[in-house]
file work.cif (mmCIF, C-alpha atoms)
data_start
loop_
_atom_site.label_atom_id
_atom_site.label_comp_id
_atom_site.auth_asym_id
_atom_site.auth_seq_id
_atom_site.Cartn_x
_atom_site.Cartn_y
_atom_site.Cartn_z
CA MET Z 192 57.18 109.19 9.05
CA TYR Z 193 59.28 111.29 11.36
CA LEU Z 194 62.34 110.10 13.29
CA GLU Z 195 65.28 111.94 14.75
CA THR Z 196 68.83 110.71 15.21
CA LYS Z 197 71.76 112.63 16.63
CA ARG Z 198 72.51 114.36 13.33
CA LEU Z 199 69.54 113.66 11.07
CA ILE Z 200 65.79 114.02 10.67
CA LEU Z 201 64.17 111.15 8.77
CA ARG Z 202 60.87 112.22 7.24
CA ASP Z 203 58.56 111.86 4.26
CA PHE Z 204 59.72 113.43 1.03
CA LEU Z 205 58.23 116.75 -0.10
CA THR Z 206 57.89 118.35 -3.52
CA GLU Z 207 60.41 120.97 -2.43
CA ASP Z 208 63.09 118.27 -2.13
CA THR Z 209 63.52 117.94 -5.90
CA SER Z 210 66.82 119.83 -6.15
CA ASP Z 211 68.40 118.04 -3.20
CA LEU Z 212 67.28 114.65 -4.52
CA TYR Z 213 68.66 115.52 -7.95
CA GLU Z 214 72.08 116.15 -6.40
CA ILE Z 215 71.95 112.52 -5.24
CA LEU Z 216 70.29 110.66 -8.12
CA GLY Z 217 71.84 112.88 -10.79
CA ASP Z 218 75.38 111.96 -9.74
CA ALA Z 219 76.97 109.27 -11.90
CA THR Z 220 79.35 108.05 -9.19
CA THR Z 221 76.54 107.64 -6.68
CA MET Z 222 74.48 105.73 -9.23
CA GLN Z 223 77.25 103.45 -10.46
CA PHE Z 224 75.69 100.30 -8.97
CA CYS Z 225 72.22 101.19 -10.17
CA GLU Z 226 71.37 102.79 -13.50
CA PRO Z 227 72.42 105.88 -15.45
CA ALA Z 228 72.21 109.10 -13.46
CA TYR Z 229 68.85 110.86 -13.58
CA ASP Z 230 68.20 114.15 -15.28
CA TYR Z 231 66.18 116.78 -13.42
CA GLU Z 232 62.81 115.90 -14.99
CA HIS Z 233 63.31 112.22 -14.29
CA THR Z 234 64.15 113.03 -10.67
CA LYS Z 235 61.03 115.18 -10.33
CA GLU Z 236 58.82 112.42 -11.75
CA PHE Z 237 60.39 109.81 -9.51
CA LEU Z 238 59.98 112.00 -6.44
CA GLN Z 239 56.28 112.55 -7.09
CA ASN Z 240 55.33 109.06 -8.23
CA PHE Z 241 57.37 106.84 -5.95
CA CYS Z 242 58.70 108.81 -3.00
CA ILE Z 243 55.58 110.88 -2.29
CA ARG Z 244 52.53 109.11 -3.73
CA GLN Z 245 53.66 105.58 -2.92
CA HIS Z 246 55.56 106.50 0.27
CA GLY Z 247 58.35 104.28 -1.01
CA ALA Z 248 61.26 106.18 0.49
CA VAL Z 249 62.29 108.48 3.32
CA ALA Z 250 64.36 111.67 3.17
CA ALA Z 251 67.45 111.84 5.40
CA THR Z 252 67.71 115.53 6.29
CA HIS Z 253 70.81 117.07 7.83
CA LYS Z 254 69.80 118.77 11.08
CA GLU Z 255 72.27 121.64 10.94
CA SER Z 256 71.71 122.66 7.32
CA GLY Z 257 68.19 121.34 6.69
CA LYS Z 258 69.46 119.80 3.44
CA VAL Z 259 68.24 116.41 2.22
CA ILE Z 260 71.47 114.44 2.02
CA GLY Z 261 70.09 110.91 1.71
CA TYR Z 262 67.44 108.80 0.02
CA ILE Z 263 66.38 105.80 2.13
CA LEU Z 264 64.34 103.16 0.36
CA PHE Z 265 62.04 101.69 3.01
CA LYS Z 266 58.92 99.93 1.81
CA GLU Z 267 56.75 97.05 2.99
CA TYR Z 268 57.54 94.40 0.39
CA THR Z 269 55.06 91.86 1.75
CA PRO Z 270 53.13 92.06 5.05
CA GLN Z 271 55.63 92.65 7.90
CA VAL Z 272 58.62 92.28 5.57
CA TYR Z 273 60.43 95.53 4.75
CA GLU Z 274 63.02 96.32 2.13
CA ILE Z 275 65.77 98.85 2.87
CA GLY Z 276 68.33 100.60 0.68
CA TRP Z 277 70.14 103.91 0.48
CA PHE Z 278 71.75 106.57 -1.66
CA PHE Z 279 73.58 109.53 -0.09
CA ASN Z 280 74.89 112.79 -1.47
CA ARG Z 281 78.53 112.14 -2.30
CA ASN Z 282 79.67 115.16 -0.28
CA TYR Z 283 78.49 113.33 2.85
CA TRP Z 284 80.02 109.90 2.24
CA ARG Z 285 82.16 108.13 4.85
CA GLN Z 286 80.79 110.11 7.78
CA GLY Z 287 78.47 107.43 9.16
CA TYR Z 288 75.22 108.94 7.91
CA ALA Z 289 74.07 105.82 6.07
CA PHE Z 290 74.51 103.63 9.14
CA GLU Z 291 72.96 106.23 11.44
CA SER Z 292 69.82 106.54 9.32
CA CYS Z 293 69.41 102.87 8.42
CA HIS Z 294 69.98 101.81 12.03
CA ALA Z 295 67.21 104.16 13.14
CA MET Z 296 64.85 102.88 10.45
CA THR Z 297 65.60 99.28 11.39
CA GLU Z 298 65.03 99.86 15.08
CA ASP Z 299 61.79 101.74 14.42
CA ALA Z 300 60.52 98.96 12.16
CA PHE Z 301 61.10 96.22 14.73
CA HIS Z 302 59.93 98.22 17.75
CA ASN Z 303 57.06 100.26 16.33
CA ARG Z 304 55.92 98.71 13.03
CA ASN Z 305 55.74 95.05 14.01
CA ALA Z 306 58.23 94.14 11.30
CA HIS Z 307 59.08 90.46 11.02
CA LYS Z 308 62.04 90.90 8.69
CA ILE Z 309 64.11 93.55 6.94
CA PHE Z 310 66.12 92.70 3.85
CA ALA Z 311 68.44 94.34 1.34
CA GLU Z 312 69.96 93.35 -2.00
CA THR Z 313 73.11 94.56 -3.75
CA ILE Z 314 75.67 93.78 -6.40
CA ASP Z 315 78.31 95.72 -4.45
CA SER Z 316 80.15 93.00 -2.55
CA GLU Z 317 82.29 95.41 -0.53
CA LYS Z 318 80.88 98.69 0.82
CA SER Z 319 77.18 97.84 0.67
CA THR Z 320 77.55 94.39 2.17
CA ALA Z 321 79.81 95.80 4.90
CA LEU Z 322 77.05 98.20 5.97
CA MET Z 323 74.44 95.45 5.81
CA GLN Z 324 76.57 93.36 8.14
CA LYS Z 325 77.07 96.35 10.45
CA LEU Z 326 73.28 96.63 10.66
CA GLY Z 327 73.18 93.03 11.87
CA MET Z 328 72.03 91.49 8.60
CA GLN Z 329 73.21 88.06 7.56
CA LEU Z 330 73.97 86.77 4.09
CA GLU Z 331 71.01 84.67 2.97
CA GLY Z 332 72.09 83.85 -0.54
CA VAL Z 333 74.05 84.77 -3.65
CA GLN Z 334 72.57 84.56 -7.12
CA LYS Z 335 75.51 84.13 -9.45
CA SER Z 336 75.76 86.26 -12.59
CA HIS Z 337 72.20 87.41 -12.02
CA ILE Z 338 72.15 91.13 -12.84
CA ARG Z 339 73.68 93.10 -15.68
CA ALA Z 340 75.54 95.99 -14.05
CA ASP Z 341 75.72 99.53 -15.42
CA ASN Z 342 79.07 98.69 -17.08
CA GLY Z 343 77.38 95.93 -19.08
CA ASN Z 344 78.97 93.05 -17.19
CA TRP Z 345 76.98 90.37 -15.37
CA ALA Z 346 77.19 90.64 -11.60
CA ASP Z 347 76.35 88.46 -8.60
CA LEU Z 348 73.37 89.50 -6.49
CA TYR Z 349 73.83 89.38 -2.69
CA LEU Z 350 70.76 89.02 -0.47
CA TYR Z 351 71.01 90.04 3.20
CA GLY Z 352 68.34 90.00 5.89
CA ILE Z 353 67.61 90.21 9.60
CA HIS Z 354 64.60 88.84 11.51
CA LYS Z 355 63.03 90.37 14.58
CA LYS Z 356 64.20 87.49 16.77
CA GLN Z 357 67.78 88.34 15.75
CA TYR Z 358 67.49 92.00 16.79
CA PRO Z 359 69.35 93.73 18.30
CA PRO Z 360 72.31 91.88 16.77
CA ASN Z 361 74.59 92.51 19.75
CA GLY Z 362 71.97 91.31 22.21
CA GLY Z 363 72.07 94.59 24.10
CA ASP Z 364 69.48 97.18 24.96
CA ASN Z 365 71.47 100.16 23.73
CA PRO Z 366 72.84 99.63 20.21
CA PRO Z 367 75.09 102.38 18.80
CA HIS Z 368 73.50 105.51 17.33
CA LYS Z 369 70.22 104.83 19.10
CA PHE Z 370 67.77 107.28 17.61
CA ILE Z 371 66.07 110.11 19.47
CA ARG Z 372 62.34 110.77 19.90
CA PRO Z 373 60.85 108.01 17.72
CA PHE Z 374 57.33 108.96 16.73
CA LEU Z 375 55.08 109.20 13.72
CA LYS Z 376 53.07 112.18 12.59
CA THR Z 377 50.36 112.58 10.03
CA LYS Z 378 50.92 114.96 7.16
CA LYS Z 379 48.47 117.43 8.72
CA SER Z 380 50.24 117.50 12.06
CA MET Z 381 53.85 117.48 10.87
CA ASN Z 382 55.84 120.63 11.47
CA PHE Z 383 58.73 121.01 9.07
CA SER Z 384 59.91 124.39 10.39
CA GLN Z 385 63.30 122.93 11.29
CA GLU Z 386 63.87 121.55 7.78
CA THR Z 387 64.52 123.15 4.43
CA SER Z 388 61.54 122.11 2.61
CA ARG Z 389 59.67 118.78 2.12
CA CYS Z 390 62.31 106.92 -6.74
CA LYS Z 391 60.39 103.80 -9.78
CA THR Z 392 60.70 105.84 -12.84
CA LYS Z 393 58.71 105.82 -16.02
CA ASN Z 394 58.55 102.02 -15.85
CA THR Z 395 58.36 99.40 -13.14
CA GLY Z 396 61.99 98.40 -13.42
CA ILE Z 397 63.41 101.13 -11.25
CA LEU Z 398 62.20 99.84 -7.92
CA ALA Z 399 63.88 96.54 -8.63
CA GLY Z 400 66.95 98.50 -9.67
CA PHE Z 401 67.04 100.37 -6.38
CA ARG Z 402 66.35 97.17 -4.47
CA VAL Z 403 69.18 95.40 -6.22
CA PHE Z 404 71.89 97.99 -6.45
CA LEU Z 405 71.61 100.14 -3.36
CA THR Z 406 74.97 101.05 -2.56
CA GLN Z 407 77.66 102.57 -1.00
CA GLN Z 408 78.57 104.69 1.95
CA ILE Z 409 79.20 103.64 5.53
#

call {"tool": "encode", "arguments": {"input": "work.cif", "output": "structure tokens"}}
result
Amino acid sequence: MYLETKRLILRDFLTEDTSDLYEILGDATTMQFCEPAYDYEHTKEFLQNFCIRQHGAVAATHKESGKVIGYILFKEYTPQVYEIGWFFNRNYWRQGYAFESCHAMTEDAFHNRNAHKIFAETIDSEKSTALMQKLGMQLEGVQKSHIRADNGNWADLYLYGIHKKQYPPNGGDNPPHKFIRPFLKTKKSMNFSQETSRCKTKNTGILAGFRVFLTQQI
């Protein structure tokens, strides 16, 4: 995977991304709608097992600094149906990076991957759902008191989705933040010279956790 937007490079995760990913997943505020913040070893295991071996997520890399500032869950859930979610480094919140990256991933999926549908789930009924709506997704259902949140309380689960026939949501040919140079490269041919370097945990629950709780910034 390799995509460029105005400010970001979206690419496969690398082993060298451990420290940057830890800054994201190790932050309690960032993880508040998911599970307890990861320690460094947990992050390293998650990076290797899920992000790299399973190709379950994409790194959002800041063009100017080369730093990985975002984790984008993007995985084929069933044939032609993709699941999307996001965590971003808290120092980069509220600057439009989540929308910029997820918009590019959505457009690439519909135009280049023959995606039929993209969906997202969350217990955050404010910031996460606002971004889902901005991406053109529609509310498909609410499962009441379905998930126990990190604070121990039961929370509603919101399911959003968008189908290919609904995209682009504004009906235009040039949606905002249209990404630059969409193309894929194999691992052998990828050149990461412009970047700094290169999550399911010890059990199978984490992917569901990321699918359910993905969060926050617009």

call {"tool": "residues_around", "arguments": {"input": "work.cif", "residues": "Leu238 of chain Z", "least_positions_apart": "2", "cutoff": "10 Å", "atoms": "only C-alpha atoms", "output": "ChimeraX atom specification"}}
result
/Z:204-209,212-213,232-236,240-248,390-392

call {"tool": "closest_residue", "arguments": {"input": "work.cif", "among": "Z:Leu350, Z:Leu264, Z:Met296, Z:Met323", "to": "His337 of chain Z", "atoms": "all atoms listed in the file"}}
result
Z:Leu350

call {"tool": "atom_distance", "arguments": {"input": "work.cif", "atom1": "atom CA of Glu317 of chain Z", "atom2": "atom CA of Gln357 of chain Z"}}
result
22.9 Å

call {"tool": "resolve_selection", "arguments": {"input": "work.cif", "expression": "the PyMOL selection byres ((chain Z and resi 269) around 12)", "output": "ChimeraX atom specification"}}
result
/Z:266-268,270-274,306-310

call {"tool": "resolve_selection", "arguments": {"input": "work.cif", "expression": "the PyMOL selection byres ((chain Z and resi 333) around 10)", "output": "list of chain:residue names"}}
result
Z:Glu312, Z:Thr313, Z:Ile314, Z:Leu330, Z:Glu331, Z:Gly332, Z:Gln334, Z:Lys335, Z:Ser336, Z:His337, Z:Asp347, Z:Leu348, Z:Tyr349, Z:Leu350, Z:Tyr351

call {"tool": "closest_residue", "arguments": {"input": "work.cif", "among": "Z:Trp345, Z:Tyr262, Z:Trp284, Z:Phe224", "to": "Asp211 of chain Z", "atoms": "all atoms listed in the file"}}
result
Z:Tyr262

call {"tool": "resolve_selection", "arguments": {"input": "work.cif", "expression": "the PyMOL selection byres ((chain Z and resi 303) around 12)", "output": "PyMOL selection string"}}
result
chain Z and resi 192+194+271+295-302+304-307+355+373-375

call {"tool": "write_last_selection", "arguments": {"input": "work.cif", "atoms": "C-alpha atoms", "output": "mmCIF file, keeping the file's coordinate frame"}}
result
data_model
loop_
_atom_site.group_PDB
_atom_site.id
_atom_site.type_symbol
_atom_site.label_atom_id
_atom_site.label_comp_id
_atom_site.auth_asym_id
_atom_site.auth_seq_id
_atom_site.Cartn_x
_atom_site.Cartn_y
_atom_site.Cartn_z
ATOM 1 C CA MET Z 192 57.180 109.190 9.050
ATOM 2 C CA LEU Z 194 62.340 110.100 13.290
ATOM 3 C CA GLN Z 271 55.630 92.650 7.900
ATOM 4 C CA ALA Z 295 67.210 104.160 13.140
ATOM 5 C CA MET Z 296 64.850 102.880 10.450
ATOM 6 C CA THR Z 297 65.600 99.280 11.390
ATOM 7 C CA GLU Z 298 65.030 99.860 15.080
ATOM 8 C CA ASP Z 299 61.790 101.740 14.420
ATOM 9 C CA ALA Z 300 60.520 98.960 12.160
ATOM 10 C CA PHE Z 301 61.100 96.220 14.730
ATOM 11 C CA HIS Z 302 59.930 98.220 17.750
ATOM 12 C CA ARG Z 304 55.920 98.710 13.030
ATOM 13 C CA ASN Z 305 55.740 95.050 14.010
ATOM 14 C CA ALA Z 306 58.230 94.140 11.300
ATOM 15 C CA HIS Z 307 59.080 90.460 11.020
ATOM 16 C CA LYS Z 355 63.030 90.370 14.580
ATOM 17 C CA PRO Z 373 60.850 108.010 17.720
ATOM 18 C CA PHE Z 374 57.330 108.960 16.730
ATOM 19 C CA LEU Z 375 55.080 109.200 13.720
#

call {"tool": "atom_distance", "arguments": {"input": "work.cif", "atom1": "atom CA of Gly217 of chain Z", "atom2": "atom CA of Ser316 of chain Z"}}
result
23.1 Å

call {"tool": "residues_around", "arguments": {"input": "work.cif", "residues": "Ala340 of chain Z", "least_positions_apart": "2", "cutoff": "9 Å", "atoms": "only C-alpha atoms", "output": "list in words"}}
result
Gln223, Phe224, Cys225, Glu226, Ile314, Ile338, Asn342, Gly343, Asn344, Trp345, Ala346 and Phe404 of chain Z

call {"tool": "residues_around", "arguments": {"input": "work.cif", "residues": "Ala250 of chain Z", "least_positions_apart": "6", "cutoff": "7 Å", "atoms": "all atoms listed in the file", "output": "PDB file with C-alpha atoms, keeping the file's coordinate frame"}}
result
ATOM      1  CA  LEU Z 201      64.170 111.150   8.770  1.00  0.00           C
ATOM      2  CA  ARG Z 202      60.870 112.220   7.240  1.00  0.00           C
ATOM      3  CA  ASP Z 203      58.560 111.860   4.260  1.00  0.00           C
ATOM      4  CA  PHE Z 204      59.720 113.430   1.030  1.00  0.00           C
ATOM      5  CA  VAL Z 259      68.240 116.410   2.220  1.00  0.00           C
ATOM      6  CA  GLY Z 261      70.090 110.910   1.710  1.00  0.00           C
ATOM      7  CA  TYR Z 262      67.440 108.800   0.020  1.00  0.00           C
ATOM      8  CA  ILE Z 263      66.380 105.800   2.130  1.00  0.00           C
TER       9      ILE Z 263
END

call {"tool": "atom_distance", "arguments": {"input": "work.cif", "atom1": "atom CA of Ile215 of chain Z", "atom2": "atom CA of Phe278 of chain Z"}}
result
6.9 Å

call {"tool": "residues_around", "arguments": {"input": "work.cif", "residues": "Ala289 of chain Z", "least_positions_apart": "4", "cutoff": "12 Å", "atoms": "all atoms listed in the file", "output": "PyMOL selection string"}}
result
chain Z and resi 196+198-199+201+250-253+260-264+275-281+283-285+293-297+318-319+321-323+325-326+368+405-409

call {"tool": "closest_residue", "arguments": {"input": "work.cif", "among": "Z:Ser292, Z:Gln329, Z:Gln239, Z:Thr221", "to": "Phe265 of chain Z", "atoms": "only C-alpha atoms"}}
result
Z:Ser292

call {"tool": "closest_residue", "arguments": {"input": "work.cif", "among": "Z:Gly287, Z:Val249, Z:Asp315, Z:Gly327", "to": "Ile200 of chain Z", "atoms": "all atoms listed in the file"}}
result
Z:Val249

call {"tool": "decode", "arguments": {"input": "work.cif", "residues": "segment 337-350 of chain Z", "atoms": "all heavy atoms", "output": "short mmCIF file (atom, residue, chain, number, x, y, z; two decimals), in the first residue's frame"}}
result
data_model
loop_
_atom_site.label_atom_id
_atom_site.label_comp_id
_atom_site.auth_asym_id
_atom_site.auth_seq_id
_atom_site.Cartn_x
_atom_site.Cartn_y
_atom_site.Cartn_z
N HIS Z 337 -24.44 -2.35 24.34
CA HIS Z 337 -23.87 -3.54 23.69
C HIS Z 337 -22.43 -3.82 24.09
O HIS Z 337 -21.99 -4.97 24.07
CB HIS Z 337 -23.95 -3.34 22.17
CG HIS Z 337 -23.55 -4.54 21.38
ND1 HIS Z 337 -24.35 -5.67 21.30
CD2 HIS Z 337 -22.44 -4.80 20.63
CE1 HIS Z 337 -23.75 -6.56 20.53
NE2 HIS Z 337 -22.58 -6.06 20.12
N ILE Z 338 -21.68 -2.78 24.44
CA ILE Z 338 -20.25 -2.91 24.71
C ILE Z 338 -19.93 -2.29 26.07
O ILE Z 338 -20.41 -1.21 26.40
CB ILE Z 338 -19.42 -2.20 23.62
CG1 ILE Z 338 -19.63 -2.87 22.27
CG2 ILE Z 338 -17.94 -2.18 23.99
CD1 ILE Z 338 -19.05 -4.26 22.17
N ARG Z 339 -19.09 -3.00 26.84
CA ARG Z 339 -18.64 -2.41 28.09
C ARG Z 339 -17.44 -1.51 27.80
O ARG Z 339 -16.40 -1.98 27.33
CB ARG Z 339 -18.26 -3.48 29.10
CG ARG Z 339 -18.03 -2.92 30.51
CD ARG Z 339 -17.66 -4.00 31.49
NE ARG Z 339 -18.74 -4.91 31.77
CZ ARG Z 339 -19.73 -4.68 32.64
NH1 ARG Z 339 -19.76 -3.54 33.30
NH2 ARG Z 339 -20.66 -5.58 32.84
N ALA Z 340 -17.57 -0.23 28.06
CA ALA Z 340 -16.52 0.73 27.77
C ALA Z 340 -15.39 0.60 28.78
O ALA Z 340 -15.48 -0.13 29.78
CB ALA Z 340 -17.09 2.15 27.79
N ASP Z 341 -14.30 1.32 28.52
CA ASP Z 341 -13.11 1.24 29.37
C ASP Z 341 -13.40 1.70 30.79
O ASP Z 341 -12.74 1.27 31.74
CB ASP Z 341 -11.99 2.08 28.75
CG ASP Z 341 -10.65 1.82 29.41
OD1 ASP Z 341 -10.34 0.64 29.67
OD2 ASP Z 341 -9.91 2.79 29.68
N ASN Z 342 -14.43 2.55 30.98
CA ASN Z 342 -14.78 3.02 32.32
C ASN Z 342 -15.68 2.03 33.06
O ASN Z 342 -16.10 2.29 34.19
CB ASN Z 342 -15.45 4.39 32.25
CG ASN Z 342 -16.74 4.37 31.44
OD1 ASN Z 342 -17.26 3.31 31.07
ND2 ASN Z 342 -17.27 5.56 31.13
N GLY Z 343 -15.99 0.91 32.42
CA GLY Z 343 -16.81 -0.12 33.06
C GLY Z 343 -18.29 -0.01 32.78
O GLY Z 343 -19.05 -0.95 33.06
N ASN Z 344 -18.72 1.09 32.20
CA ASN Z 344 -20.14 1.28 31.89
C ASN Z 344 -20.49 0.66 30.54
O ASN Z 344 -19.67 0.57 29.64
CB ASN Z 344 -20.48 2.78 31.86
CG ASN Z 344 -20.29 3.44 33.20
OD1 ASN Z 344 -20.48 2.82 34.25
ND2 ASN Z 344 -19.92 4.72 33.19
N TRP Z 345 -21.75 0.26 30.40
CA TRP Z 345 -22.22 -0.29 29.13
C TRP Z 345 -22.51 0.86 28.17
O TRP Z 345 -23.07 1.89 28.55
CB TRP Z 345 -23.47 -1.13 29.34
CG TRP Z 345 -23.17 -2.44 30.00
CD1 TRP Z 345 -23.30 -2.75 31.32
CD2 TRP Z 345 -22.64 -3.61 29.37
NE1 TRP Z 345 -22.90 -4.03 31.57
CE2 TRP Z 345 -22.49 -4.60 30.38
CE3 TRP Z 345 -22.29 -3.94 28.06
CZ2 TRP Z 345 -22.00 -5.87 30.11
CZ3 TRP Z 345 -21.82 -5.21 27.79
CH2 TRP Z 345 -21.67 -6.15 28.80
N ALA Z 346 -22.13 0.67 26.92
CA ALA Z 346 -22.26 1.74 25.93
C ALA Z 346 -22.98 1.23 24.68
O ALA Z 346 -22.93 0.04 24.36
CB ALA Z 346 -20.88 2.28 25.54
N ASP Z 347 -23.64 2.15 23.98
CA ASP Z 347 -24.28 1.83 22.71
C ASP Z 347 -23.21 1.72 21.62
O ASP Z 347 -22.21 2.42 21.62
CB ASP Z 347 -25.28 2.93 22.32
CG ASP Z 347 -26.42 3.06 23.31
OD1 ASP Z 347 -26.64 2.12 24.09
OD2 ASP Z 347 -27.07 4.13 23.30
N LEU Z 348 -23.46 0.83 20.67
CA LEU Z 348 -22.56 0.63 19.55
C LEU Z 348 -23.20 1.18 18.28
O LEU Z 348 -24.30 0.77 17.91
CB LEU Z 348 -22.26 -0.86 19.38
CG LEU Z 348 -21.42 -1.25 18.16
CD1 LEU Z 348 -20.02 -0.64 18.25
CD2 LEU Z 348 -21.33 -2.77 18.03
N TYR Z 349 -22.52 2.12 17.62
CA TYR Z 349 -23.04 2.76 16.41
C TYR Z 349 -22.34 2.16 15.19
O TYR Z 349 -21.11 2.10 15.13
CB TYR Z 349 -22.79 4.27 16.46
CG TYR Z 349 -23.49 4.95 17.60
CD1 TYR Z 349 -22.89 5.00 18.86
CD2 TYR Z 349 -24.74 5.54 17.44
CE1 TYR Z 349 -23.54 5.60 19.94
CE2 TYR Z 349 -25.39 6.15 18.49
CZ TYR Z 349 -24.78 6.18 19.75
OH TYR Z 349 -25.42 6.78 20.80
N LEU Z 350 -23.14 1.74 14.22
CA LEU Z 350 -22.62 1.15 12.99
C LEU Z 350 -22.92 2.09 11.83
O LEU Z 350 -24.07 2.43 11.57
CB LEU Z 350 -23.27 -0.21 12.73
CG LEU Z 350 -22.91 -0.88 11.40
CD1 LEU Z 350 -21.42 -1.20 11.33
CD2 LEU Z 350 -23.74 -2.15 11.20
#
